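The file data_9.txt contains compact mmCIF, C-alpha atoms and all ligand atoms:
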```txt
# COMPACT_ATOMS: atom_id res chain seq x y z
CA MET L 1 1.03 -15.40 15.48
CA GLN L 2 1.06 -18.39 17.83
CA GLY L 3 4.18 -18.25 19.99
CA LYS L 4 5.49 -15.02 18.44
CA ARG L 5 6.97 -12.35 20.67
CA VAL L 6 5.93 -8.79 19.86
CA LEU L 7 7.69 -5.85 21.48
CA LEU L 8 5.03 -3.13 21.54
CA ILE L 9 6.28 0.44 21.92
CA VAL L 10 3.46 2.76 22.95
CA GLY L 11 4.14 6.40 22.02
CA GLY L 12 2.54 9.52 23.44
CA GLY L 13 -0.59 10.38 21.52
CA ILE L 14 -4.33 10.39 22.09
CA ALA L 15 -4.53 7.10 20.15
CA ALA L 16 -2.36 5.38 22.80
CA PHE L 17 -5.50 4.09 24.50
CA LYS L 18 -6.12 1.91 21.45
CA ALA L 19 -2.81 0.17 22.13
CA LEU L 20 -4.62 -1.53 25.03
CA GLU L 21 -7.12 -3.03 22.60
CA LEU L 22 -4.24 -4.03 20.32
CA VAL L 23 -2.55 -5.90 23.19
CA ARG L 24 -5.72 -7.91 23.77
CA ALA L 25 -6.17 -8.63 20.07
CA LEU L 26 -2.55 -9.78 19.64
CA ARG L 27 -2.78 -12.05 22.68
CA ARG L 28 -6.03 -13.53 21.33
CA GLU L 29 -4.05 -14.41 18.18
CA GLY L 30 -1.53 -16.28 20.32
CA ALA L 31 1.27 -13.68 20.47
CA THR L 32 3.22 -12.73 23.58
CA VAL L 33 3.28 -8.95 24.01
CA VAL L 34 6.13 -7.20 25.80
CA PRO L 35 5.09 -3.56 26.31
CA VAL L 36 7.39 -0.54 26.36
CA LEU L 37 5.78 2.74 27.37
CA THR L 38 7.33 6.11 26.53
CA ALA L 39 7.05 9.02 28.96
CA GLY L 40 4.56 10.59 26.52
CA GLY L 41 2.58 7.37 26.27
CA ALA L 42 2.30 7.26 30.08
CA HIS L 43 0.27 10.48 29.91
CA PHE L 44 -2.45 8.56 28.06
CA VAL L 45 -2.32 4.99 29.43
CA THR L 46 -1.06 3.75 32.75
CA PRO L 47 1.70 1.17 33.09
CA LEU L 48 -0.68 -0.82 35.25
CA SER L 49 -3.39 -1.23 32.61
CA LEU L 50 -0.83 -2.06 29.92
CA SER L 51 0.89 -4.57 32.15
CA ALA L 52 -2.38 -6.16 33.24
CA LEU L 53 -3.62 -6.65 29.68
CA ALA L 54 -0.24 -7.86 28.41
CA ALA L 55 0.30 -10.08 31.47
CA SER L 56 3.87 -8.82 31.36
CA PRO L 57 5.87 -6.15 33.16
CA VAL L 58 5.94 -2.81 31.35
CA HIS L 59 9.34 -1.42 30.47
CA THR L 60 9.66 2.33 30.79
CA ASP L 61 13.14 3.20 31.94
CA LEU L 62 16.35 2.86 29.97
CA TRP L 63 18.51 2.79 33.06
CA SER L 64 16.59 0.34 35.21
CA LEU L 65 17.02 -2.33 32.54
CA ASP L 66 20.75 -2.29 33.03
CA GLU L 67 20.44 -3.36 36.62
CA GLY L 68 22.41 -6.49 37.25
CA GLY L 69 25.01 -5.54 34.66
CA GLY L 70 23.11 -6.93 31.65
CA MET L 71 22.60 -4.87 28.49
CA GLY L 72 18.86 -4.97 29.04
CA HIS L 73 17.80 -2.83 26.09
CA ILE L 74 19.82 -4.87 23.63
CA GLU L 75 18.38 -8.14 24.93
CA LEU L 76 14.86 -6.76 25.02
CA SER L 77 14.98 -5.68 21.38
CA ARG L 78 16.71 -8.78 20.07
CA SER L 79 14.49 -11.31 21.84
CA ALA L 80 11.41 -10.10 19.96
CA ASP L 81 10.21 -11.50 16.62
CA LEU L 82 8.74 -8.12 15.72
CA VAL L 83 8.77 -4.57 17.07
CA VAL L 84 5.49 -2.67 16.71
CA VAL L 85 5.39 1.08 17.40
CA CYS L 86 1.79 2.05 18.09
CA PRO L 87 0.97 4.85 18.07
CA ALA L 88 4.06 6.02 16.22
CA THR L 89 4.11 9.75 16.87
CA ALA L 90 5.78 12.29 14.58
CA ASP L 91 8.43 12.72 17.29
CA LEU L 92 9.16 8.99 17.57
CA MET L 93 9.48 8.62 13.81
CA ALA L 94 11.74 11.68 13.59
CA LYS L 95 13.98 10.14 16.24
CA MET L 96 13.97 6.78 14.45
CA THR L 97 15.00 8.54 11.26
CA THR L 98 17.89 10.44 12.79
CA GLY L 99 19.02 7.71 15.17
CA ILE L 100 18.34 9.62 18.37
CA ALA L 101 18.35 7.30 21.36
CA ASP L 102 17.40 9.37 24.39
CA ASP L 103 15.00 7.02 26.15
CA LEU L 104 14.25 3.31 26.32
CA ALA L 105 11.94 3.18 23.26
CA THR L 106 14.28 5.04 20.91
CA THR L 107 17.32 3.14 22.20
CA LEU L 108 15.55 -0.16 21.54
CA LEU L 109 14.63 0.99 18.05
CA LEU L 110 18.23 1.92 17.31
CA ALA L 111 19.64 -1.27 18.80
CA THR L 112 17.28 -3.72 17.13
CA ASP L 113 17.83 -5.82 14.05
CA THR L 114 14.27 -7.14 14.32
CA PRO L 115 11.68 -6.04 11.71
CA VAL L 116 9.73 -2.95 12.75
CA ILE L 117 6.13 -2.00 11.98
CA ALA L 118 5.21 1.62 12.77
CA VAL L 119 1.55 2.56 13.07
CA PRO L 120 1.41 6.36 12.90
CA ALA L 121 -1.30 8.48 14.50
CA MET L 122 -1.15 12.23 14.70
CA ASN L 123 -2.82 15.47 13.72
CA VAL L 124 -3.36 15.83 9.96
CA ARG L 125 -1.00 18.81 9.70
CA MET L 126 1.75 16.91 11.47
CA TRP L 127 1.20 13.89 9.18
CA THR L 128 1.30 16.00 6.02
CA HIS L 129 4.20 18.20 7.18
CA ALA L 130 7.19 17.93 4.85
CA ALA L 131 9.36 16.77 7.77
CA THR L 132 7.08 13.82 8.58
CA VAL L 133 6.61 12.96 4.90
CA ALA L 134 10.39 12.82 4.48
CA ASN L 135 10.86 10.80 7.69
CA VAL L 136 8.23 8.26 6.65
CA ALA L 137 9.87 7.89 3.23
CA THR L 138 13.27 7.36 4.86
CA LEU L 139 11.92 4.77 7.26
CA ARG L 140 10.17 2.90 4.45
CA ALA L 141 13.32 2.96 2.34
CA ARG L 142 15.14 1.39 5.30
CA GLY L 143 12.63 -1.44 5.43
CA VAL L 144 10.37 -0.25 8.24
CA THR L 145 6.73 -1.04 7.47
CA VAL L 146 4.84 2.21 8.04
CA VAL L 147 1.11 1.49 8.04
CA GLU L 148 -1.00 4.14 6.28
CA PRO L 149 -3.14 6.05 8.79
CA ASP L 150 -6.89 6.32 8.36
CA GLU L 151 -8.65 9.43 7.23
CA GLY L 152 -11.51 10.98 9.19
CA PRO L 153 -12.48 13.29 12.04
CA MET L 154 -9.70 13.72 14.60
CA ALA L 155 -9.69 14.18 18.35
CA CYS L 156 -8.46 17.75 17.78
CA GLY L 157 -11.56 18.57 15.69
CA GLU L 158 -9.77 18.58 12.33
CA PHE L 159 -10.40 16.17 9.47
CA GLY L 160 -7.97 14.25 7.31
CA PRO L 161 -5.39 11.47 7.25
CA GLY L 162 -3.57 10.76 10.52
CA ARG L 163 -6.02 8.68 12.53
CA LEU L 164 -4.82 5.38 13.93
CA PRO L 165 -6.20 2.57 11.72
CA GLU L 166 -8.77 0.21 13.21
CA VAL L 167 -7.21 -2.38 15.53
CA THR L 168 -8.35 -5.14 13.14
CA ALA L 169 -6.35 -3.48 10.34
CA ILE L 170 -3.27 -3.22 12.58
CA VAL L 171 -3.59 -6.89 13.52
CA ALA L 172 -3.95 -7.73 9.80
CA ALA L 173 -0.72 -5.83 9.00
CA ILE L 174 1.07 -7.73 11.78
CA ALA L 175 -0.45 -11.05 10.68
CA LEU L 176 0.80 -10.38 7.13
CA HIS L 177 4.29 -9.97 8.49
CA PHE L 178 4.13 -13.38 10.15
CA GLY L 179 2.11 -14.93 7.35
CA PRO L 180 3.33 -17.30 4.66
CA LYS L 181 5.39 -15.87 1.80
CA PRO L 182 4.40 -18.08 -1.13
CA LEU L 183 5.59 -15.56 -3.73
CA VAL L 184 9.22 -15.33 -2.59
CA GLY L 185 11.44 -15.52 -5.67
CA ARG L 186 8.63 -14.37 -7.97
CA HIS L 187 8.60 -11.09 -9.88
CA ALA L 188 5.31 -9.24 -10.33
CA VAL L 189 4.78 -6.24 -12.59
CA VAL L 190 1.78 -4.09 -11.73
CA THR L 191 0.54 -1.00 -13.58
CA ALA L 192 -1.70 1.45 -11.74
CA GLY L 193 -3.37 4.82 -12.00
CA PRO L 194 -4.28 6.90 -15.02
CA THR L 195 -1.99 8.21 -17.74
CA HIS L 196 -1.67 11.84 -18.75
CA GLU L 197 -1.62 12.54 -22.46
CA PRO L 198 -0.24 16.04 -23.08
CA ILE L 199 -2.08 18.37 -25.42
CA ASP L 200 0.38 21.24 -25.11
CA PRO L 201 2.94 22.19 -22.41
CA VAL L 202 0.20 22.94 -19.86
CA ARG L 203 -2.77 20.73 -20.71
CA TYR L 204 -3.43 17.00 -20.86
CA LEU L 205 -6.14 14.36 -21.33
CA THR L 206 -6.69 11.86 -18.55
CA ASN L 207 -9.35 9.83 -16.69
CA ARG L 208 -10.69 9.41 -13.16
CA SER L 209 -8.49 6.52 -12.04
CA SER L 210 -7.10 7.05 -8.51
CA GLY L 211 -4.59 4.19 -8.59
CA LYS L 212 -5.87 2.87 -5.26
CA GLN L 213 -6.76 -0.62 -6.51
CA GLY L 214 -3.48 -1.10 -8.37
CA PHE L 215 -1.41 0.13 -5.43
CA ALA L 216 -3.31 -2.20 -3.09
CA ILE L 217 -2.61 -5.14 -5.41
CA ALA L 218 1.09 -4.27 -5.60
CA GLY L 219 1.22 -4.09 -1.79
CA ALA L 220 -0.64 -7.39 -1.37
CA LEU L 221 1.74 -9.18 -3.75
CA ALA L 222 4.76 -7.72 -1.92
CA ALA L 223 3.27 -8.84 1.39
CA LEU L 224 3.27 -12.40 0.06
CA GLY L 225 6.98 -12.08 -0.67
CA ALA L 226 6.96 -11.15 -4.37
CA ARG L 227 9.45 -8.70 -5.82
CA VAL L 228 7.10 -6.08 -7.20
CA THR L 229 7.73 -3.47 -9.89
CA LEU L 230 4.93 -0.96 -9.61
CA ILE L 231 4.60 1.19 -12.73
CA ALA L 232 2.49 4.15 -11.71
CA GLY L 233 0.79 6.88 -13.67
CA PRO L 234 0.44 10.29 -11.98
CA VAL L 235 -1.22 9.59 -8.60
CA ALA L 236 -0.87 11.01 -5.11
CA LEU L 237 -0.35 7.72 -3.30
CA ALA L 238 2.42 6.39 -1.08
CA THR L 239 4.47 3.50 -2.46
CA PRO L 240 3.35 0.30 -0.70
CA PRO L 241 6.08 -1.35 1.40
CA GLY L 242 8.32 -3.69 -0.55
CA CYS L 243 7.53 -2.32 -4.04
CA THR L 244 9.94 -0.71 -6.49
CA ARG L 245 8.07 2.16 -8.09
CA VAL L 246 8.58 3.52 -11.59
CA ASP L 247 6.67 6.76 -12.20
CA VAL L 248 5.45 7.46 -15.72
CA GLU L 249 3.18 10.00 -17.28
CA THR L 250 1.98 8.81 -20.69
CA ALA L 251 0.72 5.48 -22.05
CA ARG L 252 3.82 5.22 -24.25
CA GLN L 253 6.10 5.70 -21.25
CA MET L 254 4.11 3.06 -19.37
CA ALA L 255 4.48 0.63 -22.28
CA VAL L 256 8.27 1.17 -22.32
CA ALA L 257 8.47 0.74 -18.51
CA VAL L 258 6.50 -2.52 -18.63
CA GLU L 259 8.74 -3.93 -21.33
CA ALA L 260 11.85 -2.88 -19.38
CA ALA L 261 10.52 -4.59 -16.24
CA LEU L 262 10.27 -8.02 -17.91
CA PRO L 263 10.82 -10.89 -17.37
CA ALA L 264 8.13 -11.41 -14.78
CA ASP L 265 6.14 -14.33 -13.41
CA VAL L 266 2.93 -12.36 -13.25
CA ALA L 267 1.70 -9.08 -14.69
CA VAL L 268 -1.36 -7.30 -13.34
CA MET L 269 -2.38 -4.45 -15.61
CA VAL L 270 -4.63 -2.34 -13.42
CA ALA L 271 -3.83 1.05 -14.97
CA ALA L 272 -6.55 2.95 -16.76
CA VAL L 273 -4.38 3.61 -19.77
CA ALA L 274 -5.59 6.41 -22.03
CA ASP L 275 -6.54 4.79 -25.33
CA TRP L 276 -5.57 7.86 -27.31
CA GLY L 277 -2.70 10.30 -27.14
CA VAL L 278 -2.76 13.74 -28.71
CA ILE L 279 -0.49 15.19 -31.37
CA VAL L 280 1.19 17.58 -28.92
CA SER L 281 1.45 21.26 -29.68
CA PRO L 282 4.95 22.44 -28.75
CA ALA L 283 3.58 25.84 -27.69
CA LYS L 284 0.59 26.60 -25.50
CA LEU L 285 -2.62 26.72 -27.53
CA LYS L 286 -4.04 30.24 -27.44
CA LYS L 287 -7.71 31.17 -27.29
CA VAL L 288 -7.22 33.95 -29.80
CA GLU L 289 -6.30 31.32 -32.36
CA GLY L 290 -9.84 29.94 -32.10
CA MET L 291 -11.18 26.51 -31.11
CA PRO L 292 -8.27 24.06 -31.33
CA ARG L 293 -8.47 20.78 -33.19
CA LEU L 294 -7.11 17.85 -31.21
CA ASP L 295 -5.67 15.15 -33.43
CA LEU L 296 -5.72 11.87 -31.52
CA VAL L 297 -3.40 8.95 -32.12
CA GLU L 298 -4.06 5.47 -30.80
CA ASN L 299 -1.81 4.48 -27.91
CA PRO L 300 -0.15 1.07 -27.71
CA ASP L 301 -2.32 -1.50 -25.92
CA ILE L 302 0.09 -2.57 -23.20
CA LEU L 303 -1.93 -5.57 -22.05
CA ALA L 304 -2.52 -6.90 -25.57
CA THR L 305 1.19 -6.47 -26.39
CA LEU L 306 2.14 -8.33 -23.22
CA GLY L 307 -0.33 -11.12 -23.96
CA ARG L 308 1.51 -11.82 -27.22
CA ALA L 309 5.07 -11.03 -26.08
CA VAL L 310 7.85 -13.59 -26.53
CA ASP L 311 8.75 -13.19 -22.88
CA ARG L 312 5.07 -13.19 -21.83
CA PRO L 313 4.72 -13.64 -18.06
CA GLY L 314 3.22 -17.00 -17.11
CA LEU L 315 0.16 -15.27 -15.72
CA VAL L 316 -1.18 -12.14 -17.41
CA ILE L 317 -4.07 -10.38 -15.71
CA GLY L 318 -6.01 -7.43 -17.07
CA PHE L 319 -8.76 -5.26 -15.71
CA ALA L 320 -11.91 -4.27 -17.54
CA ALA L 321 -13.56 -1.06 -16.47
CA GLU L 322 -17.05 -1.08 -17.92
CA THR L 323 -20.22 0.92 -17.66
CA GLU L 324 -22.44 -1.62 -19.45
CA ALA L 325 -22.40 -5.34 -20.37
CA THR L 326 -19.55 -5.78 -17.86
CA ILE L 327 -19.16 -9.55 -18.09
CA ALA L 328 -19.62 -9.83 -21.84
CA ASN L 329 -17.07 -7.08 -22.46
CA ALA L 330 -14.62 -8.65 -20.00
CA VAL L 331 -14.94 -12.07 -21.66
CA GLY L 332 -14.27 -10.37 -24.99
CA LYS L 333 -11.22 -8.49 -23.67
CA ARG L 334 -9.79 -11.69 -22.20
CA ALA L 335 -9.83 -13.26 -25.65
CA THR L 336 -8.70 -10.28 -27.74
CA LYS L 337 -5.91 -9.27 -25.37
CA LYS L 338 -4.78 -12.86 -24.72
CA ALA L 339 -4.98 -12.37 -20.97
CA ASP L 340 -5.31 -15.35 -18.63
CA TRP L 341 -7.64 -13.54 -16.27
CA ILE L 342 -9.68 -10.36 -16.48
CA VAL L 343 -10.89 -8.62 -13.36
CA ALA L 344 -14.06 -6.87 -14.45
CA ASN L 345 -15.74 -4.03 -12.63
CA ASP L 346 -18.65 -1.76 -13.25
CA VAL L 347 -17.34 1.79 -12.99
CA SER L 348 -20.60 3.61 -13.62
CA GLY L 349 -20.94 4.33 -9.84
CA ASP L 350 -18.27 5.85 -7.57
CA VAL L 351 -15.69 3.05 -7.88
CA MET L 352 -13.11 5.35 -9.43
CA GLY L 353 -11.53 7.17 -6.51
CA GLY L 354 -13.61 5.24 -3.94
CA ASP L 355 -12.40 2.66 -1.43
CA ALA L 356 -14.67 -0.27 -2.35
CA ASN L 357 -14.93 -2.38 -5.47
CA THR L 358 -17.31 -5.05 -6.79
CA VAL L 359 -15.43 -7.26 -9.21
CA HIS L 360 -15.94 -10.39 -11.28
CA LEU L 361 -12.99 -12.66 -11.99
CA VAL L 362 -13.12 -13.96 -15.55
CA THR L 363 -10.88 -16.98 -16.17
CA ALA L 364 -10.80 -19.89 -18.62
CA GLU L 365 -13.01 -21.76 -16.13
CA GLY L 366 -15.76 -19.15 -16.10
CA VAL L 367 -16.87 -16.11 -14.12
CA GLU L 368 -16.66 -15.67 -10.35
CA ASP L 369 -18.74 -12.89 -8.77
CA TRP L 370 -16.97 -11.44 -5.76
CA PRO L 371 -18.92 -9.50 -3.11
CA THR L 372 -18.40 -5.75 -2.70
CA LEU L 373 -15.16 -5.46 -0.72
CA PRO L 374 -12.70 -2.78 0.34
CA LYS L 375 -10.08 -2.39 -2.41
CA ALA L 376 -7.44 -3.69 0.04
CA GLU L 377 -9.44 -6.91 0.46
CA VAL L 378 -9.96 -7.33 -3.30
CA ALA L 379 -6.17 -6.99 -3.54
CA ARG L 380 -5.52 -9.62 -0.85
CA ARG L 381 -7.89 -12.10 -2.48
CA LEU L 382 -6.38 -11.58 -5.89
CA ALA L 383 -2.85 -11.95 -4.49
CA ASP L 384 -3.87 -15.21 -2.79
CA ARG L 385 -5.32 -16.50 -6.09
CA ILE L 386 -2.13 -15.53 -7.90
CA ALA L 387 -0.05 -17.36 -5.28
CA GLN L 388 -2.22 -20.48 -5.71
CA GLU L 389 -1.86 -20.29 -9.47
CA LEU L 390 1.92 -19.93 -9.37
CA ALA L 391 2.41 -22.59 -6.67
N1 LIG L 401 -4.93 -1.47 -21.33
C1 LIG L 401 -3.62 -1.36 -21.73
N2 LIG L 401 -3.27 -0.47 -22.69
C2 LIG L 401 -4.20 0.33 -23.27
C3 LIG L 401 -5.55 0.23 -22.86
C4 LIG L 401 -5.88 -0.67 -21.90
O1 LIG L 401 -2.77 -2.09 -21.21
N3 LIG L 401 -3.84 1.19 -24.19
C5 LIG L 401 -5.28 -2.49 -20.34
C6 LIG L 401 -5.77 -1.94 -19.02
O2 LIG L 401 -4.69 -1.76 -18.11
C7 LIG L 401 -6.70 -3.05 -18.56
C8 LIG L 401 -7.25 -3.60 -19.85
O3 LIG L 401 -6.33 -3.23 -20.87
O4 LIG L 401 -6.00 -4.09 -17.92
C9 LIG L 401 -8.60 -3.12 -20.25
O5 LIG L 401 -8.67 -1.72 -20.19
P1 LIG L 401 -10.03 -0.98 -20.52
O6 LIG L 401 -9.80 0.48 -20.44
O7 LIG L 401 -11.14 -1.60 -19.75
O8 LIG L 401 -10.26 -1.45 -22.03
P2 LIG L 401 -9.81 -0.88 -23.38
O9 LIG L 401 -8.96 -1.90 -24.06
O10 LIG L 401 -9.22 0.47 -23.24
O11 LIG L 401 -11.19 -0.82 -24.15
P3 LIG L 401 -12.42 0.18 -23.98
O12 LIG L 401 -11.86 1.47 -23.38
O13 LIG L 401 -12.90 0.36 -25.37
O14 LIG L 401 -13.41 -0.51 -23.10
```
Render the structure in this file as structure tokens.
Amino acid sequence: MQGKRVLLIVGGGIAAFKALELVRALRREGATVVPVLTAGGAHFVTPLSLSALAASPVHTDLWSLDEGGGMGHIELSRSADLVVVCPATADLMAKMTTGIADDLATTLLLATDTPVIAVPAMNVRMWTHAATVANVATLRARGVTVVEPDEGPMACGEFGPGRLPEVTAIVAAIALHFGPKPLVGRHAVVTAGPTHEPIDPVRYLTNRSSGKQGFAIAGALAALGARVTLIAGPVALATPPGCTRVDVETARQMAVAVEAALPADVAVMVAAVADWGVIVSPAKLKKVEGMPRLDLVENPDILATLGRAVDRPGLVIGFAAETEATIANAVGKRATKKADWIVANDVSGDVMGGDANTVHLVTAEGVEDWPTLPKAEVARRLADRIAQELA
């Protein structure tokens, strides 16, 4: 971040006080911070403290910037390398979405052609309200990076997603923006989540995969500049910035989507694909008809098919979810599925659905044991390794 100029828009929310810590952290990284405080933000932090920590005047008023005849708000927004909105309130994001420019912050956001990172923080009900969900989706589709809020107890006493992420995580998101993009021009295909195998029109077979690790990997590859096709089974997760998402339900649909996404430079098959589908009953199975018999049919092995495909990606990576003999099974899967690497993990604990993962990277060179890490960090490390491999 050395020498980079960050325009920091501080919105009006209880998390605004953390913007002060963010200013310090960004300056420690070598960035220059130009603060803009909304009227709401000024209820939570004072211009004086923001200005003192940023070592820069604080901009608050749309009209005072035009003194001297210059188009101050245009200059202010264009001279920055990055605009960060933190905290991004529901109101600020709604205004960004609709193009309302009724104060300095919103006018800057409308006038800028500089990349924008929004760091939302708000009450859980506001975050999950259909209006906010739609606004966030619109902003993401327009290229704004909207950082996922944290989940936990809130200042208002409620619990859920909507908390401002830790300052270190915000700095990491900003650093990624300024970081190297070694995967520009590369195409990555990532599968994630479980599959649903219908039994009848209302029932299905599935597994406990949450999709979190696969989504994190897709996001980490996109952050390094890759074009990412994320083929997702049924999960309740937001699409990571920069990824094109294809939603599928069954293993067969996933296989078709993977084939359609080729050619690719790298494929990371993280999905917990159901090994068996069911001969589907066209009508709902009824209890009065007695205990049903489920006839299973083997699903295509997407990874193994890819490993042998004519247009096989240069780097094919599989996952191995095991509950026993993790390494031995992973080594075996690497050979039988013709994968270059297998990321092996023991899923007998609470890995599935959890936020941490302990993995072993199995390559032709041997086995690397990685420490227990947040899934986002596992994703970053793997993306870095992929970038090294494709360099
Ligand atoms: N996989 C796949 N298609 C399948 C089954 C698995 O592409 N039909 C991929 C997974 O995405 C993962 C790897 O194969 O990258 C290993 O999946 P895993 O479930 O661990 O192994 P299986 O081959 O299903 O074997 P088993 O369930 O017997 O351990």
**OP:** Select the residues contacting ligand LIG 401 (chain L) at a distance of at most 7 Å, based on only C-alpha atoms and all ligand atoms, then format the selection as a VMD selection string.
**Re:** chain L and resid 191 251 269 to 275 299 to 304 317 to 322 333
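Using only C-alpha atoms, the nearest neighbour of Leu262 (chain L) within the list L:Gly3, L:Gly152, L:Pro313, L:Gly349 is L:Pro313.
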**OP:** Mind giving me the straight-line distance from CA of Ala330 (chain L) to CA of Ile342 (chain L) in Å, one decimal?
**Re:** 6.3 Å
**OP:** Take the point (-17.3, -1.8, -6.6) in the file's coordinates, draw a sphere of radius 10 Å around it, and report as a VMD selection string every protein, DNA or RNA residue with an atom inside or on it, counting all atoms listed in the file.
**Re:** chain L and resid 344 to 352 354 to 360 370 to 375 378
Print the selection's residues with C-alpha atoms to a file, as a compact mmCIF listing (two decimals), in the frame of the given file.
```txt
# COMPACT_ATOMS: atom_id res chain seq x y z
CA ALA L 344 -14.06 -6.87 -14.45
CA ASN L 345 -15.74 -4.03 -12.63
CA ASP L 346 -18.65 -1.76 -13.25
CA VAL L 347 -17.34 1.79 -12.99
CA SER L 348 -20.60 3.61 -13.62
CA GLY L 349 -20.94 4.33 -9.84
CA ASP L 350 -18.27 5.85 -7.57
CA VAL L 351 -15.69 3.05 -7.88
CA MET L 352 -13.11 5.35 -9.43
CA GLY L 354 -13.61 5.24 -3.94
CA ASP L 355 -12.40 2.66 -1.43
CA ALA L 356 -14.67 -0.27 -2.35
CA ASN L 357 -14.93 -2.38 -5.47
CA THR L 358 -17.31 -5.05 -6.79
CA VAL L 359 -15.43 -7.26 -9.21
CA HIS L 360 -15.94 -10.39 -11.28
CA TRP L 370 -16.97 -11.44 -5.76
CA PRO L 371 -18.92 -9.50 -3.11
CA THR L 372 -18.40 -5.75 -2.70
CA LEU L 373 -15.16 -5.46 -0.72
CA PRO L 374 -12.70 -2.78 0.34
CA LYS L 375 -10.08 -2.39 -2.41
CA VAL L 378 -9.96 -7.33 -3.30
```
Original post:
Which residues, protein or nucleic acid, reach to within 12 Å of (7.7, -2.7, -9.4) in the file's coordinates when using all atoms listed in the file, and can you give that as a ChimeraX atom specification?
Top reply: /L:186-192,214-215,217-219,221-222,226-232,239-247,257-258,260-264,266-269
**OP:** Please indicate the distance in Å from CA of Val288 (chain L) to CA of Leu205 (chain L), rounded to one decimal place.
**Re:** 21.4 Å
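For the pair CA of Ala172 (chain L) and CA of Ala39 (chain L), the interatomic distance is 27.7 Å.
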